[in-house]
Every structure is written in structure tokens, then in C-alpha cells.
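A.B. asks: mmCIF, C-alpha atoms, saved as run.cif, coming up:
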```cif
data_model
#
loop_
_atom_site.group_PDB
_atom_site.id
_atom_site.type_symbol
_atom_site.label_atom_id
_atom_site.label_comp_id
_atom_site.auth_asym_id
_atom_site.auth_seq_id
_atom_site.Cartn_x
_atom_site.Cartn_y
_atom_site.Cartn_z
ATOM 1 C CA MET A 1 51.219 104.756 88.192
ATOM 2 C CA LYS A 2 49.011 107.415 89.724
ATOM 3 C CA LEU A 3 46.224 109.336 88.015
ATOM 4 C CA GLN A 4 46.104 113.038 88.739
ATOM 5 C CA LEU A 5 42.880 114.918 88.005
ATOM 6 C CA ALA A 6 43.525 118.526 87.028
ATOM 7 C CA LEU A 7 40.724 120.924 87.933
ATOM 8 C CA ASP A 8 41.067 124.343 86.323
ATOM 9 C CA GLU A 9 37.871 125.997 85.186
ATOM 10 C CA MET A 10 35.061 125.117 87.611
ATOM 11 C CA PRO A 11 33.770 127.190 90.522
ATOM 12 C CA LEU A 12 34.761 125.674 93.861
ATOM 13 C CA VAL A 13 31.414 124.060 94.742
ATOM 14 C CA ASP A 14 31.000 122.608 91.246
ATOM 15 C CA ALA A 15 34.568 121.290 91.347
ATOM 16 C CA LEU A 16 33.973 119.580 94.681
ATOM 17 C CA ARG A 17 30.825 117.910 93.351
ATOM 18 C CA PHE A 18 32.576 116.862 90.156
ATOM 19 C CA ALA A 19 35.579 115.438 91.999
ATOM 20 C CA ASP A 20 33.258 113.422 94.217
ATOM 21 C CA LYS A 21 31.865 111.658 91.131
ATOM 22 C CA VAL A 22 35.255 110.490 89.857
ATOM 23 C CA ALA A 23 37.256 110.288 93.111
ATOM 24 C CA GLU A 24 37.182 106.497 93.166
ATOM 25 C CA HIS A 25 39.426 106.401 90.094
ATOM 26 C CA VAL A 26 41.755 109.289 90.998
ATOM 27 C CA ASP A 27 44.851 109.326 93.215
ATOM 28 C CA ILE A 28 45.799 113.018 93.176
ATOM 29 C CA ILE A 29 43.497 116.021 92.844
ATOM 30 C CA GLU A 30 45.142 119.059 91.320
ATOM 31 C CA ILE A 31 43.971 122.551 92.158
ATOM 32 C CA GLY A 32 44.998 124.005 88.816
ATOM 33 C CA THR A 33 46.595 127.382 88.241
ATOM 34 C CA PRO A 34 43.386 129.155 87.094
ATOM 35 C CA PHE A 35 41.647 127.645 90.138
ATOM 36 C CA VAL A 36 44.395 128.950 92.449
ATOM 37 C CA MET A 37 44.194 132.393 90.843
ATOM 38 C CA ASP A 38 40.438 132.479 91.434
ATOM 39 C CA GLU A 39 40.223 130.905 94.889
ATOM 40 C CA GLY A 40 43.710 131.126 96.347
ATOM 41 C CA MET A 41 44.545 128.568 99.010
ATOM 42 C CA ARG A 42 40.864 128.243 99.903
ATOM 43 C CA GLY A 43 40.534 125.697 97.111
ATOM 44 C CA VAL A 44 43.401 123.637 98.518
ATOM 45 C CA ARG A 45 41.997 123.776 102.048
ATOM 46 C CA GLU A 46 38.482 122.774 100.981
ATOM 47 C CA PHE A 47 39.648 119.857 98.861
ATOM 48 C CA HIS A 48 41.921 118.683 101.654
ATOM 49 C CA ARG A 49 38.951 118.879 104.020
ATOM 50 C CA PHE A 50 36.453 117.079 101.773
ATOM 51 C CA PHE A 51 38.908 114.521 100.378
ATOM 52 C CA PRO A 52 41.295 113.729 103.250
ATOM 53 C CA GLU A 53 42.123 110.359 101.708
ATOM 54 C CA LYS A 54 43.388 111.952 98.477
ATOM 55 C CA GLU A 55 46.661 113.718 97.808
ATOM 56 C CA ILE A 56 46.142 117.360 96.839
ATOM 57 C CA LEU A 57 48.422 119.245 94.458
ATOM 58 C CA ALA A 58 48.566 123.039 94.300
ATOM 59 C CA ASP A 59 49.644 124.041 90.800
ATOM 60 C CA LEU A 60 51.252 127.323 91.807
ATOM 61 C CA LYS A 61 53.838 127.419 89.001
ATOM 62 C CA ILE A 62 56.142 129.313 91.353
ATOM 63 C CA MET A 63 58.640 131.624 89.655
ATOM 64 C CA ASP A 64 59.963 133.594 92.637
ATOM 65 C CA GLY A 65 59.763 133.485 96.431
ATOM 66 C CA GLY A 66 60.132 129.721 96.436
ATOM 67 C CA TYR A 67 60.121 128.994 100.157
ATOM 68 C CA LEU A 68 57.282 131.373 101.050
ATOM 69 C CA GLU A 69 54.952 130.489 98.211
ATOM 70 C CA ALA A 70 55.445 126.743 98.512
ATOM 71 C CA SER A 71 54.809 127.042 102.251
ATOM 72 C CA TYR A 72 51.381 128.538 101.578
ATOM 73 C CA ALA A 73 50.390 125.367 99.693
ATOM 74 C CA TYR A 74 51.787 122.947 102.259
ATOM 75 C CA GLU A 75 50.184 124.793 105.171
ATOM 76 C CA ALA A 76 46.836 124.599 103.357
ATOM 77 C CA GLY A 77 47.109 120.818 103.099
ATOM 78 C CA ALA A 78 48.729 120.242 99.729
ATOM 79 C CA ALA A 79 50.910 117.164 99.409
ATOM 80 C CA TYR A 80 52.549 118.685 96.333
ATOM 81 C CA ALA A 81 53.311 122.181 95.032
ATOM 82 C CA THR A 82 54.645 123.060 91.599
ATOM 83 C CA ILE A 83 57.467 125.348 90.557
ATOM 84 C CA LEU A 84 58.630 126.224 87.067
ATOM 85 C CA GLY A 85 61.791 124.589 85.814
ATOM 86 C CA VAL A 86 62.794 127.870 84.157
ATOM 87 C CA SER A 87 62.956 129.492 87.599
ATOM 88 C CA ASP A 88 66.255 130.478 89.155
ATOM 89 C CA ASN A 89 67.988 127.616 90.951
ATOM 90 C CA LEU A 90 67.871 129.553 94.218
ATOM 91 C CA THR A 91 64.090 129.782 93.946
ATOM 92 C CA ILE A 92 63.813 126.041 93.356
ATOM 93 C CA GLU A 93 66.156 125.308 96.272
ATOM 94 C CA GLY A 94 64.002 127.510 98.502
ATOM 95 C CA ALA A 95 60.809 125.730 97.514
ATOM 96 C CA LEU A 96 62.495 122.391 98.102
ATOM 97 C CA ARG A 97 63.496 123.497 101.615
ATOM 98 C CA ALA A 98 59.829 124.227 102.280
ATOM 99 C CA ALA A 99 58.855 120.789 100.983
ATOM 100 C CA ARG A 100 61.356 119.181 103.332
ATOM 101 C CA ALA A 101 60.239 121.333 106.274
ATOM 102 C CA TYR A 102 56.615 120.235 105.812
ATOM 103 C CA ASP A 103 57.456 116.664 104.769
ATOM 104 C CA LYS A 104 55.794 117.240 101.376
ATOM 105 C CA LYS A 105 56.937 117.036 97.754
ATOM 106 C CA LEU A 106 57.978 119.548 95.118
ATOM 107 C CA VAL A 107 57.070 119.125 91.454
ATOM 108 C CA VAL A 108 59.188 120.937 88.865
ATOM 109 C CA ASP A 109 57.090 121.796 85.805
ATOM 110 C CA MET A 110 59.422 121.695 82.800
ATOM 111 C CA ILE A 111 57.130 123.663 80.477
ATOM 112 C CA CYS A 112 59.167 125.900 78.140
ATOM 113 C CA VAL A 113 62.504 124.422 79.230
ATOM 114 C CA GLU A 114 64.537 124.387 76.016
ATOM 115 C CA ASP A 115 67.398 122.070 76.977
ATOM 116 C CA LEU A 116 65.657 119.265 78.840
ATOM 117 C CA PRO A 117 68.639 116.945 79.386
ATOM 118 C CA SER A 118 70.827 119.576 81.046
ATOM 119 C CA ARG A 119 67.960 120.969 83.119
ATOM 120 C CA ILE A 120 66.972 117.474 84.261
ATOM 121 C CA GLU A 121 70.561 116.891 85.370
ATOM 122 C CA LYS A 122 70.575 120.135 87.374
ATOM 123 C CA MET A 123 67.198 119.471 88.978
ATOM 124 C CA GLU A 124 68.332 116.037 90.093
ATOM 125 C CA GLU A 125 71.539 117.552 91.450
ATOM 126 C CA ILE A 126 69.389 119.921 93.536
ATOM 127 C CA GLY A 127 67.347 116.908 94.639
ATOM 128 C CA VAL A 128 63.807 117.672 93.482
ATOM 129 C CA ASP A 129 61.147 115.012 93.972
ATOM 130 C CA ILE A 130 59.214 115.015 90.696
ATOM 131 C CA LEU A 131 59.869 116.311 87.186
ATOM 132 C CA ALA A 132 56.798 117.059 85.087
ATOM 133 C CA VAL A 133 56.618 116.999 81.320
ATOM 134 C CA HIS A 134 53.991 119.580 80.428
ATOM 135 C CA THR A 135 52.637 120.559 77.047
ATOM 136 C CA GLY A 136 50.495 123.614 77.763
ATOM 137 C CA ALA A 137 47.032 124.338 76.411
ATOM 138 C CA ASP A 138 48.324 126.920 73.947
ATOM 139 C CA GLN A 139 50.923 124.461 72.636
ATOM 140 C CA GLN A 140 48.290 121.739 72.364
ATOM 141 C CA ALA A 141 46.138 124.051 70.265
ATOM 142 C CA ALA A 142 49.079 124.298 67.850
ATOM 143 C CA GLY A 143 49.236 120.495 67.604
ATOM 144 C CA ARG A 144 52.068 119.719 70.038
ATOM 145 C CA GLU A 145 51.949 116.602 72.237
ATOM 146 C CA PRO A 146 54.022 115.707 75.309
ATOM 147 C CA ILE A 147 55.099 112.268 74.127
ATOM 148 C CA GLN A 148 58.412 113.400 72.603
ATOM 149 C CA ASP A 149 59.402 115.320 75.729
ATOM 150 C CA LEU A 150 58.401 112.338 77.863
ATOM 151 C CA GLU A 151 60.760 110.167 75.840
ATOM 152 C CA VAL A 152 63.575 112.624 76.559
ATOM 153 C CA MET A 153 62.621 112.764 80.214
ATOM 154 C CA THR A 154 62.557 109.012 80.740
ATOM 155 C CA ALA A 155 65.886 108.664 78.949
ATOM 156 C CA ASN A 156 67.607 111.267 81.130
ATOM 157 C CA ALA A 157 65.987 111.229 84.587
ATOM 158 C CA LYS A 158 67.879 108.935 86.944
ATOM 159 C CA LYS A 159 66.408 109.632 90.395
ATOM 160 C CA SER A 160 63.323 111.831 90.214
ATOM 161 C CA GLN A 161 59.814 110.587 89.654
ATOM 162 C CA ILE A 162 58.232 111.632 86.368
ATOM 163 C CA ALA A 163 54.814 113.150 85.692
ATOM 164 C CA VAL A 164 53.298 113.947 82.300
ATOM 165 C CA ALA A 165 50.498 116.285 81.226
ATOM 166 C CA GLY A 166 49.105 117.608 78.004
ATOM 167 C CA GLY A 167 45.937 116.467 76.275
ATOM 168 C CA ILE A 168 46.093 112.835 77.415
ATOM 169 C CA ASN A 169 42.877 110.813 77.230
ATOM 170 C CA SER A 170 41.628 107.217 77.239
ATOM 171 C CA LYS A 171 42.387 106.855 73.530
ATOM 172 C CA THR A 172 46.010 108.005 73.799
ATOM 173 C CA ILE A 173 46.920 106.784 77.285
ATOM 174 C CA HIS A 174 48.621 103.577 76.150
ATOM 175 C CA LYS A 175 51.466 105.296 74.326
ATOM 176 C CA TYR A 176 52.251 107.135 77.559
ATOM 177 C CA THR A 177 52.013 104.127 79.857
ATOM 178 C CA ALA A 178 54.528 102.368 77.622
ATOM 179 C CA LEU A 179 57.106 104.880 78.927
ATOM 180 C CA LYS A 180 56.086 104.182 82.543
ATOM 181 C CA PRO A 181 55.727 107.654 84.063
ATOM 182 C CA ASP A 182 54.945 107.716 87.777
ATOM 183 C CA ILE A 183 52.040 110.166 87.429
ATOM 184 C CA VAL A 184 49.693 110.811 84.508
ATOM 185 C CA ILE A 185 47.862 114.135 84.653
ATOM 186 C CA VAL A 186 44.489 114.482 82.938
ATOM 187 C CA GLY A 187 42.230 117.509 82.946
ATOM 188 C CA SER A 188 39.834 118.306 80.116
ATOM 189 C CA ALA A 189 39.576 114.720 78.870
ATOM 190 C CA ILE A 190 37.800 113.865 82.116
ATOM 191 C CA GLY A 191 36.319 117.268 82.883
ATOM 192 C CA HIS A 192 34.695 117.656 79.476
ATOM 193 C CA ALA A 193 33.842 114.015 78.851
ATOM 194 C CA GLU A 194 30.270 112.985 78.103
ATOM 195 C CA ASP A 195 30.743 110.349 80.813
ATOM 196 C CA PRO A 196 33.507 111.586 83.155
ATOM 197 C CA VAL A 197 33.343 108.540 85.429
ATOM 198 C CA ARG A 198 33.829 106.154 82.522
ATOM 199 C CA GLU A 199 36.706 108.213 81.115
ATOM 200 C CA ALA A 200 38.456 108.360 84.486
ATOM 201 C CA LYS A 201 37.949 104.645 85.029
ATOM 202 C CA GLU A 202 39.331 103.722 81.596
ATOM 203 C CA ILE A 203 42.413 105.863 82.117
ATOM 204 C CA LYS A 204 43.016 104.532 85.616
ATOM 205 C CA THR A 205 42.585 100.956 84.419
ATOM 206 C CA ALA A 206 45.272 101.577 81.791
ATOM 207 C CA LEU A 207 47.676 102.652 84.553
ATOM 208 C CA ILE A 208 47.354 99.476 86.585
#
```
Taking this structure as input, can you express it in the form of C-alpha cells?
C.D. replies:
Amino acid sequence: MKLQLALDEMPLVDALRFADKVAEHVDIIEIGTPFVMDEGMRGVREFHRFFPEKEILADLKIMDGGYLEASYAYEAGAAYATILGVSDNLTIEGALRAARAYDKKLVVDMICVEDLPSRIEKMEEIGVDILAVHTGADQQAAGREPIQDLEVMTANAKKSQIAVAGGINSKTIHKYTALKPDIVIVGSAIGHAEDPVREAKEIKTALI
């Protein structure tokens, strides 16, 4: 299992310095949606330049213009780009064509998908690489966790890899690893930790 560090709120230079502290325990560095909105593809390019040994994910949450927008991320050095599972199938197919053209991967973020089993089936029919269970920050504030959706995902996904995000930390990681997702995404639990290196290490150790 891979650990993905989600970076959302820091200025670029601070984010680079922070990532350097915890990079030893991280497999994928995510340039989060707020980060992309603030810095554009500059953030992806700089992280790809400073961390060439790490996989970079651009959390674009594409909703339209699939091929074009995904191409921006791949050209900037991202190994992964994200698209919303509620997007039109044609948009997802376009983004997947870009992923294939650049020999990269497409992650379908299933946030707000109401019928997970049927959407999982369609996404696998299209041939997407990774399906991501995602409980958003606003949902987390209302007390929702991603574990139930992850259970549905693991029961229904047959071919795609699975990622999970949503308030996961070193104290809760074990109930997620029991379901064996391919990628565990952690943001604030590491970013806001009193000891970020220790938190990242404990989570990564739980994934091995």
C-alpha cells in the first residue's frame, strides 16, 4: 500500500520545505485542489523538479474538458490526475485518453456519487486506473467517515486500484488497512500534527 500526502493549504515554498521533512515516509505527493487553484501547474512542476523520485498527483477534480485539462497535469510532470466520478462519461473517457497518451494514470474521485456499485461498474467498463473513495472536508465536519464507502468499493471493484481519503490518521489507519486499499491519502493528520515526521512514519509503517 502506498501513502499519499495531500498538500492543500501551504504556500509553495512552505509546502516544499514541509514535504522534504516527511518525504522518506511518503510515496505520492498530492498537489491538492486549493493548491492547484492558487499556483496552477507551477506547483506540479516544482514538486516534480524537487522530488523527481516521488510520484506527483494533481488533484484537478476535472468536471469538463477531460483530455485538455488532464494533459496540463501530465505535461507538468504529474503521474496522476483526478477527475470527478459524477462527470459525464465522455469527459472521463477523454481524460483517460490523455493518461494513455502520456503513459500516466487517471484517478476517478467518487465524492458525491450516490450509487457507488453501478458507477464503479461503469468506470471499470471505461477502463479507469484508480477509483478513490473520498469523504470531503465538509462531510467530515458533519461526522461522516470514508470507511463505509470503502467497504462498498472493495466489495464491488474488480479491476481498478482503490484509494481512500477522508480524515485518516495514525489512530484510525488500521481499520482502513484491513480492507487493503492500494493507496491511503492523508492530509491534515500529517500537515497539522505536532510531530509530522512521526505521524507520517506511523501511518506508513501500518501500510507495510
A.B. asks: Calculated over only C-alpha atoms, which of the candidates A:Phe35, A:Tyr67, A:Tyr80, A:Tyr72 has the smallest distance to Val108 (chain A)?
C.D. replies: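 Closest to Val108 (chain A) of all the choices is A:Tyr80.
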A.B. asks: For the atom pair CA of Lys105 (chain A) and CA of Val184 (chain A), what is the interatomic distance in Å to one decimal place?
C.D. replies: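 Between CA of Lys105 (chain A) and CA of Val184 (chain A) the gap works out to 16.3 Å.
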A.B. asks: Can you tell me, as a list in words, what residues are no more than 9 Å from Ala157 (chain A) when counting all atoms listed in the file, ignoring any on the same chain fewer than 4 positions away?
C.D. replies: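 That gives Pro117, Ile120, Glu121, Glu124, Leu131, Val152, Met153, Gln161 and Ile162 of chain A.
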A.B. asks: Place a sphere of radius 12 Å on (50.7, 120.8, 100.5) in the file coordinates and name every protein, DNA or RNA residue with an atom inside or on its surface, counting all atoms listed in the file; give the answer as a PyMOL selection string.
C.D. replies: chain A and resi 28-31+41+43-45+47-48+54-60+69-82+95+98-107
A.B. asks: Work out how far CA of Leu84 (chain A) is from CA of Gly191 (chain A), in Å to one decimal.
C.D. replies: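 Calculated distance between CA of Gly191 (chain A) and CA of Leu84 (chain A) is 24.4 Å.
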